[in-house]
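Here is the structure we will look at, set down as structure tokens.
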Amino acid sequence: MAGIARDVTSNARILAELTTALAERRPVVLATVVATKRSVPRRAGTKMLVYPDGATSGTVGGGEMEAKVIAEAQDAIRSRKPRTVDYELVNPSEGDPGICGGELTIYLEPYMSPHTVYVIGCGHVGVTVIDLAHWLGYRTVAIDDRPDLVSEDALPNADVRFAGTVTDALAANPVPEDASIVVVTRSPEVDVRILPELLETPARYIGVMGSKKRWAATRQQLVADGVDPTRLDSLHVPIGIEIKAETLEEIAVSILSEVIRENRAEVG
């Protein structure tokens, strides 16, 4: 009975920690022992949290078996897909925690915050991108230095609205690796000013709106300002997938189709 009470207390702590991680938008995997046979180090229902860097809270048995669970959990975070893994605890030479002779099944359930799309420039295209991203279930951060364009009335579907410089916006809303940046500003001059800073973020995707002619002039100025040309090659310019888009809604579809494609390619 003492063991059961201890497990209940441990699981309650782990679920509370999971709630905190979700509130902080930290990716995490909940590993749960869902089935056991014969002698095993942990009973069904035992839980453990695994973070992207391999840090854990709780235990599902220890040893090399648990190390394998952690590696599987990290892969589940990358793929964003749950999975079930089976282990036989019969061979210490392979890292089993003693000759238990048992088997256990562990369910790995990744909890991921919604993909965040930063939209820089909240004119007509920016508004439409935000509306479509919201419909797709993404979290959106709207940034513009014109306060009237980032009001709640102007952007009812934005999760975060920031009126001010990109520098201040990113300081208040740091860009995670699992994020996309959509640059749809009003002029090349704005792009030249903000792109060096955006290139320093870990964003998975950065796309820039504009014609090839506009980008050629922007790129030339960025290189003249000292930006490494090879870093500019990582940008998606002109932004979006070529679908002969004409309307604002079609342009938004083009842009977010590219965001989806790049994210799916990243996770395989």
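Ordering of the structure tokens sets the chain letters (A, B, ...); residue numbers start at 1 within each chain; ligands are numbered from 1 in the order shown.
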Exercise: Ile241 of chain A partners within 12 Å, only C-alpha atoms, chain neighbours under 4 positions left out, as an MDAnalysis selection string:
chainID A and resid 207 209 236:237 245 250:262
Excluding Glu200 of chain A and any residue of its chain fewer than 2 positions from it, enumerate the residues within 12 Å of it, using only C-alpha atoms, and give them as a ChimeraX atom specification.
/A:167,170,174-177,194-198,202-204,206,227-228,231-232,234
Counting only C-alpha atoms, which residue out of A:Val190, A:Ala216, A:Leu49, A:Leu15 sits closest to Val29 of chain A?
A:Leu49
Per-residue DSSP, segment 39-261 of chain A, filtered to alpha helix (DSSP H), as a VMD selection string:
chain A and resid 63 to 79 124 to 135 166 to 172 188 to 198 212 to 224 229 to 232 248 to 261
Which residue of A:Ala224, A:Leu104, A:Leu199, A:Ile243 approaches Lys37 of chain A most closely, using only C-alpha atoms:
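Distance minimum relative to Lys37 of chain A lands on A:Leu104.
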From the list A:Asn157, A:Thr218, A:Thr185, A:Gln74, which residue is nearest Asp131 of chain A when using only C-alpha atoms?
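Checking each of A:Asn157, A:Thr218, A:Thr185, A:Gln74 against Asp131 of chain A, counting only C-alpha atoms, the winner is A:Asn157.
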Could you name the residues that touch Ile70 of chain A at 9 Å or less, counting only C-alpha atoms, but leaving out those on the same chain fewer than 2 positions away, as number ranges by chain?
A: 31, 50-51, 54-56, 65-68, 72-75
What gap, in Å, lies between atom CA of Gln220 of chain A and atom CA of Val183 of chain A?
17.8 Å
